[in-house]
file my_file-v4.txt (compact mmCIF, C-alpha atoms and all ligand atoms)
# COMPACT_ATOMS: atom_id res chain seq x y z
CA MET I 1 -2.12 -15.75 -27.98
CA MET I 2 -2.34 -13.00 -25.40
CA ILE I 3 -5.15 -10.44 -25.79
CA LYS I 4 -4.89 -7.12 -23.96
CA LYS I 5 -8.05 -5.08 -23.30
CA LYS I 6 -8.05 -1.47 -22.22
CA ILE I 7 -11.02 -0.07 -20.33
CA GLN I 8 -11.28 3.70 -20.38
CA ILE I 9 -13.22 5.43 -17.65
CA LYS I 10 -14.36 8.94 -18.53
CA GLU I 11 -12.77 11.63 -16.39
CA ASP I 12 -16.06 13.46 -15.85
CA ILE I 13 -17.43 10.69 -13.62
CA PHE I 14 -14.97 11.92 -11.04
CA SER I 15 -15.52 15.66 -11.36
CA SER I 16 -18.10 16.04 -8.55
CA ASN I 17 -15.82 14.07 -6.25
CA ASP I 18 -12.94 16.37 -7.22
CA GLN I 19 -15.02 19.46 -6.38
CA GLN I 20 -15.86 18.03 -2.96
CA ALA I 21 -12.21 17.13 -2.43
CA GLU I 22 -11.20 20.70 -3.23
CA ALA I 23 -13.71 22.00 -0.63
CA ILE I 24 -12.16 19.66 1.96
CA ARG I 25 -8.67 20.84 1.03
CA LEU I 26 -9.72 24.47 1.56
CA LEU I 27 -11.27 23.61 4.92
CA LEU I 28 -8.14 21.80 6.08
CA ASP I 29 -5.98 24.70 4.87
CA GLN I 30 -8.10 27.14 6.84
CA HIS I 31 -7.28 25.14 9.95
CA LYS I 32 -3.63 24.60 8.92
CA LEU I 33 -4.32 20.91 9.35
CA PHE I 34 -1.89 18.76 7.35
CA SER I 35 -3.45 15.58 6.01
CA ILE I 36 -2.49 12.36 4.27
CA ASN I 37 -4.46 9.65 2.50
CA ILE I 38 -2.82 6.25 3.04
CA MET I 39 -3.55 3.68 0.36
CA ALA I 40 -2.36 0.08 -0.06
CA SER I 41 -3.51 -3.42 -0.78
CA PRO I 42 -5.30 -5.28 2.04
CA GLY I 43 -2.89 -6.22 4.80
CA ALA I 44 0.09 -4.17 3.56
CA GLY I 45 0.41 -2.63 7.02
CA LYS I 46 -1.52 0.67 6.83
CA THR I 47 -2.95 0.42 10.33
CA SER I 48 0.32 -0.91 11.75
CA LEU I 49 2.13 2.12 10.30
CA ILE I 50 -0.54 4.44 11.71
CA GLU I 51 -0.27 2.83 15.15
CA HIS I 52 3.52 3.29 15.24
CA THR I 53 3.25 6.84 13.91
CA ILE I 54 0.76 7.73 16.64
CA GLY I 55 2.98 6.02 19.20
CA LEU I 56 5.92 8.23 18.24
CA LEU I 57 4.06 11.50 17.70
CA ARG I 58 1.17 11.52 20.16
CA ASN I 59 3.01 13.73 22.68
CA GLU I 60 3.90 16.22 19.96
CA LEU I 61 0.82 16.33 17.72
CA HIS I 62 -2.93 15.99 18.08
CA ILE I 63 -3.81 13.35 15.53
CA LEU I 64 -7.16 12.47 13.98
CA VAL I 65 -7.51 9.21 12.06
CA ILE I 66 -10.32 8.40 9.64
CA ASP I 67 -10.42 4.70 8.84
CA GLY I 68 -12.14 3.36 5.75
CA ASP I 69 -13.17 -0.27 5.67
CA ILE I 70 -15.91 -2.30 4.07
CA ALA I 71 -16.98 -3.53 7.52
CA THR I 72 -16.06 -3.41 11.23
CA SER I 73 -14.48 -0.68 13.34
CA ILE I 74 -11.35 -2.73 14.08
CA ASP I 75 -8.91 -0.22 12.56
CA ALA I 76 -10.48 2.85 14.21
CA GLU I 77 -10.29 1.03 17.54
CA ARG I 78 -6.61 0.29 16.93
CA ALA I 79 -5.90 3.96 16.16
CA LYS I 80 -7.79 5.00 19.30
CA ALA I 81 -5.93 2.48 21.44
CA ALA I 82 -2.66 3.88 20.07
CA GLY I 83 -3.62 7.35 21.31
CA ALA I 84 -5.39 9.23 18.48
CA ALA I 85 -8.95 10.38 17.97
CA SER I 86 -10.52 8.16 15.36
CA ILE I 87 -13.58 7.86 13.15
CA GLN I 88 -14.56 4.70 11.27
CA ILE I 89 -16.27 4.85 7.89
CA ASN I 90 -17.86 1.61 6.67
CA THR I 91 -18.39 1.61 2.93
CA GLY I 92 -20.70 -1.42 3.06
CA GLY I 93 -18.99 -3.05 0.09
CA GLY I 94 -17.47 -0.01 -1.62
CA CYS I 95 -13.82 -0.56 -2.54
CA HIS I 96 -12.59 2.98 -1.81
CA LEU I 97 -13.33 6.13 0.16
CA ASP I 98 -14.58 9.21 -1.67
CA ALA I 99 -14.55 12.89 -0.75
CA PHE I 100 -18.22 12.87 0.25
CA MET I 101 -17.61 10.18 2.85
CA VAL I 102 -14.68 12.12 4.28
CA ASP I 103 -16.71 15.34 4.32
CA LYS I 104 -19.47 13.59 6.28
CA ALA I 105 -16.96 12.12 8.73
CA LEU I 106 -15.45 15.56 9.34
CA SER I 107 -18.79 17.35 9.76
CA ASP I 108 -18.93 16.96 13.56
CA VAL I 109 -15.21 17.43 14.20
CA ASN I 110 -13.67 20.52 15.71
CA LEU I 111 -10.74 20.68 13.28
CA ALA I 112 -9.00 23.38 15.30
CA GLN I 113 -8.13 20.68 17.86
CA PHE I 114 -5.90 18.74 15.48
CA ASP I 115 -2.49 19.09 13.84
CA LEU I 116 -2.50 16.01 11.62
CA LEU I 117 -5.26 14.11 9.82
CA ILE I 118 -4.47 10.58 8.66
CA VAL I 119 -6.99 8.87 6.40
CA GLU I 120 -6.62 5.11 5.97
CA ASN I 121 -8.31 4.15 2.72
CA VAL I 122 -9.95 0.79 2.00
CA GLY I 123 -7.36 -1.86 1.13
CA ASN I 124 -7.23 -1.85 -2.68
CA LEU I 125 -4.62 -0.95 -5.30
CA VAL I 126 -7.06 0.16 -8.00
CA CYS I 127 -10.14 2.19 -7.01
CA PRO I 128 -8.69 4.52 -4.33
CA ALA I 129 -6.26 5.94 -6.90
CA SER I 130 -9.13 7.56 -8.81
CA PHE I 131 -10.80 9.38 -5.92
CA GLN I 132 -9.07 12.38 -4.39
CA LEU I 133 -10.10 12.99 -0.78
CA GLY I 134 -8.85 16.55 -0.36
CA THR I 135 -5.80 15.47 1.61
CA HIS I 136 -2.46 17.20 1.02
CA LYS I 137 -0.44 14.09 0.22
CA ASN I 138 -1.35 10.68 -1.11
CA ILE I 139 0.82 7.98 0.41
CA LEU I 140 1.13 4.40 -0.81
CA VAL I 141 2.22 1.58 1.47
CA ALA I 142 3.76 -1.26 -0.50
CA SER I 143 4.85 -4.37 1.31
CA ILE I 144 7.48 -6.96 0.47
CA PRO I 145 5.20 -10.08 0.39
CA GLU I 146 3.00 -8.46 -2.29
CA GLY I 147 5.81 -9.02 -4.80
CA ASP I 148 8.22 -6.83 -6.75
CA ASP I 149 6.05 -6.58 -9.88
CA LYS I 150 3.32 -4.41 -8.37
CA PRO I 151 4.46 -1.04 -9.79
CA TYR I 152 4.31 -2.58 -13.28
CA LYS I 153 0.87 -4.16 -12.74
CA TYR I 154 -0.79 -1.26 -10.90
CA PRO I 155 0.80 1.80 -12.57
CA GLY I 156 -2.15 4.11 -11.81
CA MET I 157 -1.66 3.78 -8.10
CA TYR I 158 2.12 4.09 -8.21
CA GLN I 159 1.96 7.10 -10.53
CA GLY I 160 -0.55 9.10 -8.54
CA VAL I 161 1.06 9.18 -5.11
CA ASP I 162 3.38 11.68 -3.41
CA GLY I 163 5.14 9.29 -1.07
CA LEU I 164 5.91 5.58 -0.86
CA VAL I 165 6.37 3.56 2.31
CA ILE I 166 7.95 0.17 1.61
CA ASN I 167 6.87 -1.92 4.58
CA LYS I 168 7.76 -5.37 5.94
CA ILE I 169 11.42 -5.05 4.97
CA ASP I 170 12.10 -7.53 7.80
CA LEU I 171 10.69 -10.17 5.42
CA MET I 172 13.30 -9.55 2.69
CA PRO I 173 15.38 -12.62 3.67
CA TYR I 174 12.35 -14.91 3.45
CA VAL I 175 10.44 -13.72 0.36
CA PRO I 176 11.70 -13.52 -3.23
CA PHE I 177 11.74 -9.79 -3.88
CA ARG I 178 14.10 -8.01 -6.28
CA MET I 179 14.39 -4.55 -4.76
CA ASP I 180 16.27 -3.22 -7.83
CA TYR I 181 13.48 -4.35 -10.16
CA PHE I 182 10.81 -2.90 -7.86
CA LEU I 183 12.60 0.47 -7.53
CA ALA I 184 13.24 0.62 -11.30
CA GLY I 185 9.48 0.35 -11.88
CA ILE I 186 8.83 3.15 -9.44
CA GLU I 187 11.51 5.36 -10.98
CA LEU I 188 9.83 4.84 -14.36
CA LEU I 189 6.37 5.79 -13.10
CA ASN I 190 7.11 8.32 -10.41
CA PRO I 191 10.70 9.54 -10.60
CA GLY I 192 12.13 11.04 -7.45
CA ILE I 193 9.17 10.09 -5.26
CA GLU I 194 9.85 10.31 -1.50
CA LYS I 195 10.54 6.76 -0.25
CA PHE I 196 10.67 5.25 3.23
CA MET I 197 11.90 1.72 3.93
CA VAL I 198 10.20 0.54 7.10
CA SER I 199 9.32 -2.45 9.17
CA CYS I 200 6.39 -2.18 11.53
CA SER I 201 7.68 -5.34 13.19
CA THR I 202 11.22 -4.17 14.01
CA ARG I 203 10.32 -0.43 13.84
CA GLU I 204 13.17 0.20 11.44
CA GLY I 205 12.54 3.40 9.47
CA ILE I 206 9.48 4.48 11.48
CA LYS I 207 11.41 7.37 13.03
CA GLU I 208 12.48 8.76 9.61
CA TRP I 209 8.90 8.48 8.31
CA SER I 210 7.52 10.21 11.40
CA GLU I 211 10.10 12.99 11.16
CA TRP I 212 9.07 13.62 7.57
CA LEU I 213 5.42 13.84 8.70
CA VAL I 214 6.25 16.27 11.50
CA ASN I 215 8.14 18.47 9.03
CA GLN I 216 5.09 18.48 6.74
CA VAL I 217 2.88 19.51 9.66
CA ARG I 218 5.36 22.28 10.59
CA SER I 219 5.44 23.67 7.03
CA LYS I 220 1.67 23.74 6.98
CA ARG I 221 1.59 25.59 10.31
CA SER I 222 3.98 28.27 9.08
CA LEU I 223 1.77 29.07 6.09
CA PRO I 224 -0.44 32.16 6.42
CA ARG I 225 -4.04 31.37 7.44
CA THR I 226 -6.20 31.21 4.31
CA THR I 227 -9.57 32.92 4.07
CA GLY I 228 -12.69 31.35 2.67
N1 LIG N 1 6.47 -9.14 9.23
C1 LIG N 1 5.80 -8.00 9.24
N2 LIG N 1 4.46 -8.02 9.41
C2 LIG N 1 3.81 -6.83 9.41
C3 LIG N 1 4.48 -5.60 9.24
N3 LIG N 1 3.56 -4.60 9.25
C4 LIG N 1 2.38 -5.18 9.43
N4 LIG N 1 2.51 -6.53 9.54
C5 LIG N 1 1.44 -7.53 9.73
O1 LIG N 1 0.63 -7.50 8.56
C6 LIG N 1 -0.73 -7.77 8.91
C7 LIG N 1 -1.64 -6.69 8.39
O2 LIG N 1 -1.32 -5.47 9.02
P1 LIG N 1 -2.35 -4.27 9.08
O3 LIG N 1 -1.62 -3.10 9.65
O4 LIG N 1 -3.62 -4.66 9.72
O5 LIG N 1 -2.60 -4.03 7.53
P2 LIG N 1 -3.66 -3.05 6.80
O6 LIG N 1 -3.01 -2.60 5.55
O7 LIG N 1 -4.10 -1.99 7.74
O8 LIG N 1 -4.84 -4.06 6.49
P3 LIG N 1 -6.34 -3.69 5.99
O9 LIG N 1 -6.78 -2.46 6.72
O10 LIG N 1 -7.13 -4.89 6.37
O11 LIG N 1 -6.25 -3.50 4.52
C8 LIG N 1 -0.75 -7.89 10.44
O12 LIG N 1 -0.68 -9.24 10.78
C9 LIG N 1 0.51 -7.16 10.86
O13 LIG N 1 1.02 -7.60 12.09
C10 LIG N 1 5.90 -5.62 9.07
O14 LIG N 1 6.57 -4.60 8.91
N5 LIG N 1 6.50 -6.85 9.07
MG MG N 2 -6.02 -1.42 8.25

call {"tool": "encode", "arguments": {"input": "my_file-v4.txt", "output": "structure tokens"}}
result
Amino acid sequence: MMIKKKIQIKEDIFSSNDQQAEAIRLLLDQHKLFSINIMASPGAGKTSLIEHTIGLLRNELHILVIDGDIATSIDAERAKAAGAASIQINTGGGCHLDAFMVDKALSDVNLAQFDLLIVENVGNLVCPASFQLGTHKNILVASIPEGDDKPYKYPGMYQGVDGLVINKIDLMPYVPFRMDYFLAGIELLNPGIEKFMVSCSTREGIKEWSEWLVNQVRSKRSLPRTTG
């Protein structure tokens, strides 16, 4: 017999985080600084995607990366080596970033210097989905070796994002992955979501993803400066 248990987490636990996230959003809007929060399971290719994005856009945009990890500054160093300014947050065991951590990381930054803020969340498909960071778009990186059932098993994450990067498509010939089944799950949870098929190994699709990002930055720049 199969027994299913549902655990409900009360919304109000997250309300102070949401208020902080809203303050960050206002601050970023004041500086017309477009921002994304990249989430994924460990090893899906978040930092690889960020490296390639920086590589393509560093002559066009000033990019700030905030990297969230349980330990080490490996990812912030990779973003810096690729040509961006970077800040590492170590959660010391915490499985996600929250808006207070991002606020602290931004406290010494001259935001006027930057056009694009990329936050790399801690690798996890559960906890990051519940904590808004004040970024304009939440992006999920899914990767082929994780398996085609992930939208069905982690609906909260797949439902709550604005864009989906499907990475490691170079591995399609080697890993059982039914793209139709995967995409059907996404269509069920998040119909019409913006999707990018990429490979950080072959660089396929990185240009299209980067162009979408640049367009987002441009739309933000053309908005009137907010007061606050
Ligand atoms: N074959 C293949 N490997 C990739 C691709 N993208 C990333 N990788 C590899 O996947 C591994 C993990 O990549 P990372 O970019 O460090 O992944 P991450 O999501 O930032 O990992 P964490 O920050 O530790 O959660 C590395 O060995 C990459 O070289 C891809 O498109 N194809
Ligand atoms: Mg990483």

call {"tool": "atom_distance", "arguments": {"input": "my_file-v4.txt", "atom1": "atom C3 of ligand LIG 1 (chain N)", "atom2": "atom CA of I:Pro155"}}
result
23.3 Å

call {"tool": "closest_residue", "arguments": {"input": "my_file-v4.txt", "among": "I:Leu213, I:Ile38, I:Leu26, I:Val122", "to": "ligand LIG 1 (chain N)", "atoms": "only C-alpha atoms and all ligand atoms"}}
result
I:Val122

call {"tool": "residues_near_ligand", "arguments": {"input": "my_file-v4.txt", "ligand": "ligand LIG 1 (chain N)", "cutoff": "7 Å", "atoms": "all atoms listed in the file", "output": "PyMOL selection string"}}
result
chain I and resi 40-49+69+75+122-123+167-171+198-202

call {"tool": "atom_distance", "arguments": {"input": "my_file-v4.txt", "atom1": "atom CA of I:Val109", "atom2": "atom CA of I:Ser73"}}
result
18.1 Å

call {"tool": "atom_distance", "arguments": {"input": "my_file-v4.txt", "atom1": "atom CA of I:Ile24", "atom2": "atom CA of I:Phe131"}}
result
13.0 Å

call {"tool": "residues_near_point", "arguments": {"input": "my_file-v4.txt", "point": "(-3.0, 6.3, 23.4)", "cutoff": "9 Å", "atoms": "only C-alpha atoms", "output": "VMD selection string"}}
result
chain I and resid 54 to 55 58 79 to 84

call {"tool": "residues_around", "arguments": {"input": "my_file-v4.txt", "residues": "stretch 111-116 of chain I", "least_positions_apart": "6", "cutoff": "7 Å", "atoms": "only C-alpha atoms", "output": "list in words"}}
result
His31, Leu33, Phe34, Ser35, Leu61, His62, Ile63, Leu64 and Val217 of chain I

call {"tool": "write_last_selection", "arguments": {"input": "my_file-v4.txt", "atoms": "C-alpha atoms", "output": "mmCIF file, keeping the file's coordinate frame"}}
result
data_model
loop_
_atom_site.group_PDB
_atom_site.id
_atom_site.type_symbol
_atom_site.label_atom_id
_atom_site.label_comp_id
_atom_site.auth_asym_id
_atom_site.auth_seq_id
_atom_site.Cartn_x
_atom_site.Cartn_y
_atom_site.Cartn_z
ATOM 1 C CA HIS I 31 -7.280 25.140 9.950
ATOM 2 C CA LEU I 33 -4.320 20.910 9.350
ATOM 3 C CA PHE I 34 -1.890 18.760 7.350
ATOM 4 C CA SER I 35 -3.450 15.580 6.010
ATOM 5 C CA LEU I 61 0.820 16.330 17.720
ATOM 6 C CA HIS I 62 -2.930 15.990 18.080
ATOM 7 C CA ILE I 63 -3.810 13.350 15.530
ATOM 8 C CA LEU I 64 -7.160 12.470 13.980
ATOM 9 C CA VAL I 217 2.880 19.510 9.660
#

call {"tool": "axis_aligned_box", "arguments": {"input": "my_file-v4.txt", "around": "stretch 178-181 of chain I", "padding_each_side": "3 Å", "output": "JSON"}}
result
{"center_x": 14.9, "center_y": -5.6, "center_z": -7.5, "size_x": 8.8, "size_y": 10.8, "size_z": 11.4}

call {"tool": "closest_residue", "arguments": {"input": "my_file-v4.txt", "among": "I:Gln19, I:Glu204, I:Asn121, I:Asp162", "to": "ligand MG 2 (chain N)", "atoms": "all atoms listed in the file"}}
result
I:Asn121

call {"tool": "closest_residue", "arguments": {"input": "my_file-v4.txt", "among": "I:Ile186, I:Ile118, I:Leu125, I:Val165", "to": "I:Ala76", "atoms": "all atoms listed in the file"}}
result
I:Ile118

call {"tool": "residues_around", "arguments": {"input": "my_file-v4.txt", "residues": "I:Ile166", "least_positions_apart": "2", "cutoff": "8 Å", "atoms": "only C-alpha atoms", "output": "list in words"}}
result
Val141, Ala142, Ser143, Ile144, Leu164, Lys168, Ile169, Lys195, Phe196, Met197 and Val198 of chain I

call {"tool": "residues_around", "arguments": {"input": "my_file-v4.txt", "residues": "I:Gly94", "least_positions_apart": "4", "cutoff": "10 Å", "atoms": "all atoms listed in the file", "output": "list in words"}}
result
Gly68, Asp69, Ile70, Ala71, Asn90, Asp98, Val122 and Cys127 of chain I

call {"tool": "residues_around", "arguments": {"input": "my_file-v4.txt", "residues": "I:Gln20", "least_positions_apart": "4", "cutoff": "12 Å", "atoms": "only C-alpha atoms", "output": "PDB file with C-alpha atoms, in the coordinates of the input"}}
result
ATOM      1  CA  PHE I  14     -14.970  11.920 -11.040  1.00  0.00           C
ATOM      2  CA  SER I  15     -15.520  15.660 -11.360  1.00  0.00           C
ATOM      3  CA  SER I  16     -18.100  16.040  -8.550  1.00  0.00           C
ATOM      4  CA  ILE I  24     -12.160  19.660   1.960  1.00  0.00           C
ATOM      5  CA  ARG I  25      -8.670  20.840   1.030  1.00  0.00           C
ATOM      6  CA  LEU I  26      -9.720  24.470   1.560  1.00  0.00           C
ATOM      7  CA  LEU I  27     -11.270  23.610   4.920  1.00  0.00           C
ATOM      8  CA  ASP I  98     -14.580   9.210  -1.670  1.00  0.00           C
ATOM      9  CA  ALA I  99     -14.550  12.890  -0.750  1.00  0.00           C
ATOM     10  CA  PHE I 100     -18.220  12.870   0.250  1.00  0.00           C
ATOM     11  CA  MET I 101     -17.610  10.180   2.850  1.00  0.00           C
ATOM     12  CA  VAL I 102     -14.680  12.120   4.280  1.00  0.00           C
ATOM     13  CA  ASP I 103     -16.710  15.340   4.320  1.00  0.00           C
ATOM     14  CA  LYS I 104     -19.470  13.590   6.280  1.00  0.00           C
ATOM     15  CA  PHE I 131     -10.800   9.380  -5.920  1.00  0.00           C
ATOM     16  CA  GLN I 132      -9.070  12.380  -4.390  1.00  0.00           C
ATOM     17  CA  LEU I 133     -10.100  12.990  -0.780  1.00  0.00           C
ATOM     18  CA  GLY I 134      -8.850  16.550  -0.360  1.00  0.00           C
ATOM     19  CA  THR I 135      -5.800  15.470   1.610  1.00  0.00           C
TER      20      THR I 135
END

call {"tool": "closest_residue", "arguments": {"input": "my_file-v4.txt", "among": "I:Glu194, I:Glu211, I:Glu187, I:Glu77", "to": "ligand MG 2 (chain N)", "atoms": "all atoms listed in the file"}}
result
I:Glu77

call {"tool": "closest_residue", "arguments": {"input": "my_file-v4.txt", "among": "I:Asp149, I:Ala21, I:Leu56, I:Leu140", "to": "I:Arg178", "atoms": "all atoms listed in the file"}}
result
I:Asp149

call {"tool": "closest_residue", "arguments": {"input": "my_file-v4.txt", "among": "I:Asn190, I:Cys95, I:Gln159, I:Glu146", "to": "I:Val175", "atoms": "only C-alpha atoms"}}
result
I:Glu146
